[in-house]
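Chemist: PDB, C-alpha atoms, pLDDT in the B column, file data-v4.pdb:
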ATOM      1  CA  MET W   1      76.586  73.311 343.319  1.00 50.00           C
ATOM      2  CA  LYS W   2      74.985  76.395 344.782  1.00 53.00           C
ATOM      3  CA  LEU W   3      71.207  76.759 344.744  1.00 54.00           C
ATOM      4  CA  ILE W   4      69.639  80.062 343.754  1.00 53.00           C
ATOM      5  CA  PRO W   5      67.136  81.299 346.327  1.00 54.00           C
ATOM      6  CA  ARG W   6      63.503  81.233 345.213  1.00 52.00           C
ATOM      7  CA  ARG W   7      63.152  84.917 345.907  1.00 50.00           C
ATOM      8  CA  SER W   8      65.882  85.741 343.348  1.00 49.00           C
ATOM      9  CA  VAL W   9      64.203  83.571 340.712  1.00 47.00           C
ATOM     10  CA  ALA W  10      60.850  85.221 341.376  1.00 44.00           C
ATOM     11  CA  LEU W  11      62.377  88.699 341.120  1.00 44.00           C
ATOM     12  CA  ALA W  12      64.157  87.786 337.877  1.00 48.00           C
ATOM     13  CA  LEU W  13      60.910  86.449 336.380  1.00 44.00           C
ATOM     14  CA  LEU W  14      59.039  89.547 337.535  1.00 42.00           C
ATOM     15  CA  GLY W  15      61.728  91.744 335.952  1.00 44.00           C
ATOM     16  CA  CYS W  16      61.415  89.856 332.660  1.00 42.00           C
ATOM     17  CA  LEU W  17      57.633  90.223 332.749  1.00 38.00           C
ATOM     18  CA  VAL W  18      57.849  93.983 333.388  1.00 40.00           C
ATOM     19  CA  ALA W  19      60.405  94.394 330.589  1.00 40.00           C
ATOM     20  CA  TRP W  20      58.188  92.412 328.201  1.00 39.00           C
ATOM     21  CA  LEU W  21      55.123  94.506 329.079  1.00 40.00           C
ATOM     22  CA  ALA W  22      57.106  97.713 328.569  1.00 38.00           C
ATOM     23  CA  LEU W  23      58.028  96.798 325.009  1.00 38.00           C
ATOM     24  CA  PRO W  24      56.057  98.826 322.475  1.00 41.00           C
ATOM     25  CA  LEU W  25      53.422  96.835 320.737  1.00 42.00           C
ATOM     26  CA  SER W  26      54.094  96.469 317.047  1.00 44.00           C
ATOM     27  CA  ALA W  27      51.860  98.717 315.007  1.00 47.00           C
ATOM     28  CA  SER W  28      49.316  96.565 313.296  1.00 50.00           C
ATOM     29  CA  ALA W  29      46.415  97.488 311.082  1.00 50.00           C
ATOM     30  CA  THR W  30      44.142  94.880 312.639  1.00 55.00           C
ATOM     31  CA  ASP W  31      42.820  97.409 315.130  1.00 67.00           C
ATOM     32  CA  LEU W  32      43.083 100.463 312.885  1.00 85.00           C
ATOM     33  CA  LYS W  33      40.103 102.312 311.510  1.00 93.00           C
ATOM     34  CA  ILE W  34      40.829 104.667 308.622  1.00 94.00           C
ATOM     35  CA  GLN W  35      38.788 107.645 307.490  1.00 96.00           C
ATOM     36  CA  ALA W  36      39.044 108.986 303.944  1.00 96.00           C
ATOM     37  CA  GLN W  37      37.501 112.327 303.090  1.00 97.00           C
ATOM     38  CA  LEU W  38      36.986 114.020 299.758  1.00 96.00           C
ATOM     39  CA  ALA W  39      37.191 117.762 300.365  1.00 95.00           C
ATOM     40  CA  TRP W  40      36.750 120.779 298.127  1.00 92.00           C
ATOM     41  CA  GLY W  41      38.987 123.819 298.525  1.00 92.00           C
ATOM     42  CA  THR W  42      37.501 127.105 297.337  1.00 92.00           C
ATOM     43  CA  ASP W  43      37.405 130.827 297.980  1.00 91.00           C
ATOM     44  CA  ASP W  44      33.617 130.768 297.526  1.00 90.00           C
ATOM     45  CA  SER W  45      31.079 130.256 300.285  1.00 91.00           C
ATOM     46  CA  LYS W  46      29.091 127.040 300.655  1.00 88.00           C
ATOM     47  CA  PRO W  47      26.613 126.688 297.789  1.00 84.00           C
ATOM     48  CA  PRO W  48      22.959 126.743 298.891  1.00 83.00           C
ATOM     49  CA  GLY W  49      21.110 123.451 298.900  1.00 80.00           C
ATOM     50  CA  LYS W  50      24.246 121.283 299.105  1.00 83.00           C
ATOM     51  CA  GLU W  51      24.809 118.942 302.055  1.00 87.00           C
ATOM     52  CA  LEU W  52      28.428 119.951 302.626  1.00 92.00           C
ATOM     53  CA  LYS W  53      30.094 120.196 306.020  1.00 94.00           C
ATOM     54  CA  GLU W  54      33.072 122.371 306.772  1.00 94.00           C
ATOM     55  CA  LEU W  55      36.345 120.514 307.236  1.00 95.00           C
ATOM     56  CA  ASP W  56      37.146 119.827 310.899  1.00 94.00           C
ATOM     57  CA  PRO W  57      39.109 122.785 312.354  1.00 94.00           C
ATOM     58  CA  LYS W  58      41.978 120.519 313.486  1.00 92.00           C
ATOM     59  CA  LEU W  59      42.386 119.223 309.943  1.00 93.00           C
ATOM     60  CA  ARG W  60      41.848 122.691 308.534  1.00 92.00           C
ATOM     61  CA  GLU W  61      44.804 123.902 310.569  1.00 92.00           C
ATOM     62  CA  LYS W  62      47.040 121.364 308.811  1.00 91.00           C
ATOM     63  CA  PHE W  63      46.164 123.030 305.495  1.00 90.00           C
ATOM     64  CA  ARG W  64      46.723 126.609 306.650  1.00 88.00           C
ATOM     65  CA  HIS W  65      49.624 126.996 304.206  1.00 90.00           C
ATOM     66  CA  LEU W  66      47.297 126.385 301.244  1.00 89.00           C
ATOM     67  CA  ARG W  67      45.608 129.359 299.638  1.00 87.00           C
ATOM     68  CA  TRP W  68      41.891 128.541 299.871  1.00 91.00           C
ATOM     69  CA  LYS W  69      39.607 130.237 302.367  1.00 92.00           C
ATOM     70  CA  ASN W  70      37.062 127.414 302.684  1.00 93.00           C
ATOM     71  CA  TYR W  71      37.244 123.629 302.736  1.00 94.00           C
ATOM     72  CA  PHE W  72      34.066 121.567 302.498  1.00 95.00           C
ATOM     73  CA  VAL W  73      33.759 117.809 302.959  1.00 96.00           C
ATOM     74  CA  VAL W  74      31.982 116.289 299.966  1.00 94.00           C
ATOM     75  CA  GLU W  75      32.089 112.698 301.265  1.00 96.00           C
ATOM     76  CA  ALA W  76      33.679 110.893 304.207  1.00 96.00           C
ATOM     77  CA  LYS W  77      33.906 107.145 304.737  1.00 96.00           C
ATOM     78  CA  THR W  78      35.496 104.950 307.373  1.00 95.00           C
ATOM     79  CA  THR W  79      36.802 101.391 307.142  1.00 93.00           C
ATOM     80  CA  SER W  80      38.842  98.894 309.118  1.00 91.00           C
ATOM     81  CA  VAL W  81      42.047  97.744 307.550  1.00 86.00           C
ATOM     82  CA  ALA W  82      42.173  93.984 307.815  1.00 74.00           C
ATOM     83  CA  GLY W  83      45.291  92.242 306.614  1.00 74.00           C
ATOM     84  CA  LYS W  84      46.613  92.389 303.095  1.00 78.00           C
ATOM     85  CA  SER W  85      43.284  92.574 301.262  1.00 85.00           C
ATOM     86  CA  PRO W  86      42.613  96.093 299.948  1.00 90.00           C
ATOM     87  CA  GLN W  87      39.645  98.090 301.215  1.00 92.00           C
ATOM     88  CA  ARG W  88      38.083 100.368 298.589  1.00 93.00           C
ATOM     89  CA  LEU W  89      36.124 103.450 299.604  1.00 95.00           C
ATOM     90  CA  LYS W  90      34.114 105.195 296.900  1.00 95.00           C
ATOM     91  CA  LEU W  91      34.130 108.930 297.628  1.00 95.00           C
ATOM     92  CA  SER W  92      32.501 110.100 294.380  1.00 93.00           C
ATOM     93  CA  GLU W  93      31.697 108.875 290.885  1.00 91.00           C
ATOM     94  CA  LYS W  94      35.224 109.861 289.852  1.00 90.00           C
ATOM     95  CA  CYS W  95      37.242 109.167 293.013  1.00 93.00           C
ATOM     96  CA  SER W  96      37.951 106.126 295.181  1.00 94.00           C
ATOM     97  CA  VAL W  97      40.590 105.326 297.780  1.00 95.00           C
ATOM     98  CA  GLU W  98      42.108 101.866 298.124  1.00 95.00           C
ATOM     99  CA  ILE W  99      43.935 101.036 301.368  1.00 94.00           C
ATOM    100  CA  ARG W 100      45.829  97.892 302.290  1.00 93.00           C
ATOM    101  CA  GLU W 101      48.442  96.820 304.770  1.00 92.00           C
ATOM    102  CA  VAL W 102      51.863  96.069 303.300  1.00 92.00           C
ATOM    103  CA  ALA W 103      55.122  94.863 304.822  1.00 85.00           C
ATOM    104  CA  ASP W 104      56.796  96.493 307.813  1.00 82.00           C
ATOM    105  CA  ALA W 105      53.588  97.841 309.417  1.00 89.00           C
ATOM    106  CA  ASN W 106      52.901 100.263 306.579  1.00 93.00           C
ATOM    107  CA  LEU W 107      49.805 101.078 304.577  1.00 94.00           C
ATOM    108  CA  GLU W 108      49.605 101.501 300.841  1.00 94.00           C
ATOM    109  CA  ILE W 109      47.080 104.212 299.977  1.00 95.00           C
ATOM    110  CA  ARG W 110      46.021 104.572 296.352  1.00 95.00           C
ATOM    111  CA  ILE W 111      43.819 107.234 294.834  1.00 94.00           C
ATOM    112  CA  LEU W 112      41.769 105.902 291.941  1.00 94.00           C
ATOM    113  CA  GLY W 113      40.120 107.943 289.224  1.00 91.00           C
ATOM    114  CA  VAL W 114      38.074 106.765 286.269  1.00 87.00           C
ATOM    115  CA  LYS W 115      39.341 106.194 282.721  1.00 85.00           C
ATOM    116  CA  THR W 116      37.230 107.196 279.734  1.00 85.00           C
ATOM    117  CA  ASP W 117      36.057 103.575 279.427  1.00 88.00           C
ATOM    118  CA  GLY W 118      34.789 103.644 283.044  1.00 83.00           C
ATOM    119  CA  GLN W 119      37.547 101.443 284.479  1.00 85.00           C
ATOM    120  CA  PRO W 120      39.466 102.551 287.595  1.00 85.00           C
ATOM    121  CA  ALA W 121      42.857 104.169 287.048  1.00 90.00           C
ATOM    122  CA  VAL W 122      45.519 104.660 289.706  1.00 93.00           C
ATOM    123  CA  ILE W 123      46.249 108.380 290.019  1.00 91.00           C
ATOM    124  CA  LYS W 124      48.736 108.291 292.874  1.00 94.00           C
ATOM    125  CA  THR W 125      50.119 105.848 295.447  1.00 95.00           C
ATOM    126  CA  GLU W 126      51.559 106.774 298.845  1.00 95.00           C
ATOM    127  CA  TYR W 127      52.885 104.721 301.745  1.00 95.00           C
ATOM    128  CA  CYS W 128      52.514 105.611 305.414  1.00 94.00           C
ATOM    129  CA  SER W 129      53.423 103.825 308.607  1.00 93.00           C
ATOM    130  CA  ILE W 130      50.537 102.673 310.748  1.00 92.00           C
ATOM    131  CA  ALA W 131      52.268 104.099 313.827  1.00 93.00           C
ATOM    132  CA  LYS W 132      52.394 107.577 312.264  1.00 94.00           C
ATOM    133  CA  LEU W 133      48.699 107.501 311.380  1.00 93.00           C
ATOM    134  CA  LYS W 134      47.848 106.415 314.920  1.00 92.00           C
ATOM    135  CA  ALA W 135      49.981 109.316 316.185  1.00 93.00           C
ATOM    136  CA  GLY W 136      47.896 111.841 314.245  1.00 92.00           C
ATOM    137  CA  HIS W 137      49.701 112.180 310.928  1.00 93.00           C
ATOM    138  CA  ILE W 138      47.648 112.517 307.754  1.00 94.00           C
ATOM    139  CA  VAL W 139      48.110 111.527 304.135  1.00 94.00           C
ATOM    140  CA  ALA W 140      46.699 114.067 301.708  1.00 94.00           C
ATOM    141  CA  PHE W 141      46.376 114.152 297.946  1.00 92.00           C
ATOM    142  CA  ALA W 142      45.337 117.277 296.057  1.00 90.00           C
ATOM    143  CA  GLY W 143      44.664 118.391 292.520  1.00 85.00           C
ATOM    144  CA  ASP W 144      42.915 120.947 290.348  1.00 77.00           C
ATOM    145  CA  THR W 145      39.224 120.737 289.774  1.00 72.00           C
ATOM    146  CA  LYS W 146      38.123 120.844 286.160  1.00 68.00           C
ATOM    147  CA  GLU W 147      34.717 122.370 286.937  1.00 70.00           C
ATOM    148  CA  LYS W 148      35.877 125.744 288.284  1.00 70.00           C
ATOM    149  CA  TRP W 149      39.074 127.671 287.866  1.00 71.00           C
ATOM    150  CA  ASP W 150      41.058 128.162 291.117  1.00 80.00           C
ATOM    151  CA  ASP W 151      39.222 125.462 293.080  1.00 87.00           C
ATOM    152  CA  ALA W 152      40.853 122.218 294.190  1.00 91.00           C
ATOM    153  CA  TRP W 153      39.994 118.770 295.503  1.00 92.00           C
ATOM    154  CA  LEU W 154      41.731 117.037 298.381  1.00 94.00           C
ATOM    155  CA  VAL W 155      41.605 113.459 299.550  1.00 96.00           C
ATOM    156  CA  ILE W 156      42.558 113.283 303.218  1.00 96.00           C
ATOM    157  CA  VAL W 157      43.326 109.965 304.922  1.00 96.00           C
ATOM    158  CA  THR W 158      43.542 109.819 308.719  1.00 95.00           C
ATOM    159  CA  ALA W 159      43.148 107.344 311.542  1.00 93.00           C
ATOM    160  CA  ALA W 160      39.501 107.461 312.616  1.00 90.00           C
ATOM    161  CA  ASN W 161      38.600 108.236 316.213  1.00 76.00           C
TER     162      ASN W 161
END
Let me see the file written as structure tokens.

Modeler:
Amino acid sequence: MKLIPRRSVALALLGCLVAWLALPLSASATDLKIQAQLAWGTDDSKPPGKELKELDPKLREKFRHLRWKNYFVVEAKTTSVAGKSPQRLKLSEKCSVEIREVADANLEIRILGVKTDGQPAVIKTEYCSIAKLKAGHIVAFAGDTKEKWDDAWLVIVTAAN
């Protein structure tokens, strides 16, 4: 029986340790903060007396293919996604976002409106990988506004800084 020199064993263990450390960490929502913004797309200028901020220029660039000249943030909220329990962010009286982690390191993002009886109604559901959000991808929902012809609303979900 031939003995393996200690130096070889140490190098093999060191190699295993380096390989283990080099493995990508699985994308988990436990350390992920999410920001949801309700934005208004319009060709008009900002109305006087309203506390609206312009949409961040980096985000604005992602919507350059849309037709509106101006985008104003109506409400923005941030939350941590913790496990499978959904986090609900109320962005307006008529709009909420519900976010929860689902299988395979993905998030389920649901936009909720309000039924005529006042109960929440799911408008749309999207799925996005946590890794993509961390890499800078966004999830956006859009629709017509009923208050003014040619205006639109957008709900934009990103990883928070």

Chemist: Per residue of stretch 33-108 of chain W within 9 Å of stretch 131-147 of chain W, note the shortest atom pair and the distance in Å to one decimal, counting only C-alpha atoms, and order the rows by chain and increasing residue number, as CSV.

Modeler:
residue,atom,partner,partner_atom,distance
W:Ile34,CA,W:Leu133,CA,8.8
W:Trp40,CA,W:Thr145,CA,8.7
W:Leu59,CA,W:Ile138,CA,8.8
W:Lys62,CA,W:Ile138,CA,8.9
W:Ala105,CA,W:Ala131,CA,7.8
W:Asn106,CA,W:Ala131,CA,8.2

Chemist: Take the residues that were just selected and, keeping C-alpha atoms, output them as an mmCIF file, in the frame of the given file.

Modeler:
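Dumped everything to result-v7.cif:
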data_model
loop_
_atom_site.group_PDB
_atom_site.id
_atom_site.type_symbol
_atom_site.label_atom_id
_atom_site.label_comp_id
_atom_site.auth_asym_id
_atom_site.auth_seq_id
_atom_site.Cartn_x
_atom_site.Cartn_y
_atom_site.Cartn_z
ATOM 1 C CA ILE W 34 40.829 104.667 308.622
ATOM 2 C CA TRP W 40 36.750 120.779 298.127
ATOM 3 C CA LEU W 59 42.386 119.223 309.943
ATOM 4 C CA LYS W 62 47.040 121.364 308.811
ATOM 5 C CA ALA W 105 53.588 97.841 309.417
ATOM 6 C CA ASN W 106 52.901 100.263 306.579
#

Chemist: Using all atoms listed in the file, which of the listed residues (W:Ala152, W:Ala103, W:Ile109, W:Ala36) sits closest to W:Lys77?

Modeler: W:Ala36

Chemist: Could you list, as an MDAnalysis selection string, every residue within 6 Å of W:Glu108, counting only C-alpha atoms and ignoring same-chain residues fewer than 3 positions away?

Modeler: chainID W and resid 99:100 126:127

Chemist: Work out how far apart atom CA of W:Gln119 and atom CA of W:Glu93 are and give it in Å to one decimal.

Modeler: 11.4 Å

Chemist: Between W:Thr42, W:Gln37, W:Thr125, W:Ser85, which residue has the minimum interatomic distance to W:Asp150, considering all atoms listed in the file?

Modeler: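 Looking only at the distances to W:Asp150, the closest residue turns out to be W:Thr42.
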
Chemist: Would you place a box with edges along x, y and z of the file around all atoms of stretch 60-71 of chain W listed there, add 6 Å to each of its six sides, and report the centre and edge lengths in Å to one decimal, as lines of an AutoDock Vina configuration file?

Modeler:
center_x = 43.3
center_y = 125.8
center_z = 305.1
size_x = 24.6
size_y = 20.9
size_z = 22.9

Chemist: Using all atoms listed in the file - which residues lie no farther than 12 Å from the point (41.6, 119.2, 310.8) in the file's frame? Write them as a PyMOL selection string.

Modeler: chain W and resi 37+39+54-64+71-73+136-138+140+156-159

Chemist: Quick one: residues within 12 Å of (47.0, 107.1, 290.4) (file frame), counting only C-alpha atoms, please, as JSON, numbers by chain.

Modeler: {"W": [95, 96, 97, 98, 109, 110, 111, 112, 113, 114, 115, 120, 121, 122, 123, 124, 125, 126, 141, 142, 143]}

Chemist: Ranking W:Leu32, W:Leu107, W:Leu38, W:Ile130 by minimum distance to W:Trp153 and counting all atoms listed in the file, which one comes first?

Modeler: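 Ranked by minimum distance to W:Trp153, first place goes to W:Leu38.
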
Chemist: Find the residue from W:Leu89, W:Leu154, W:Val102, W:Ala82 that sits nearest to W:Lys33; use all atoms listed in the file when measuring.

Modeler: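 Checking each candidate against W:Lys33, we get W:Ala82 as the closest.
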
Chemist: For W:Lys148, which residue out of W:Pro86, W:Gly49, W:Gly41, W:Gly118 is the nearest one, using only C-alpha atoms?

Modeler: W:Gly41

Chemist: Do you know which residues are at most 8 Å from W:Asp43 counting only C-alpha atoms, after dropping those on the same chain fewer than 4 positions away, and could you put them as a list in words?

Modeler: Trp68, Lys69, Asn70 and Asp151 of chain W

Chemist: So, counting only C-alpha atoms, which residue among W:Glu51, W:Asp117, W:Gln35, W:Lys46 is closest to W:Lys90?

Modeler: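 Under the stated criterion, the closest residue is W:Gln35.
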
Chemist: What separation in Å, quoted to one decimal, exists between atom CA of W:Gly83 and atom CA of W:Ser129?

Modeler: 14.3 Å

Chemist: By how many Å are atom CA of W:Lys50 and atom CA of W:Asn161 apart?

Modeler: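 According to the coordinates, atom CA of W:Lys50 and atom CA of W:Asn161 are separated by 25.9 Å.
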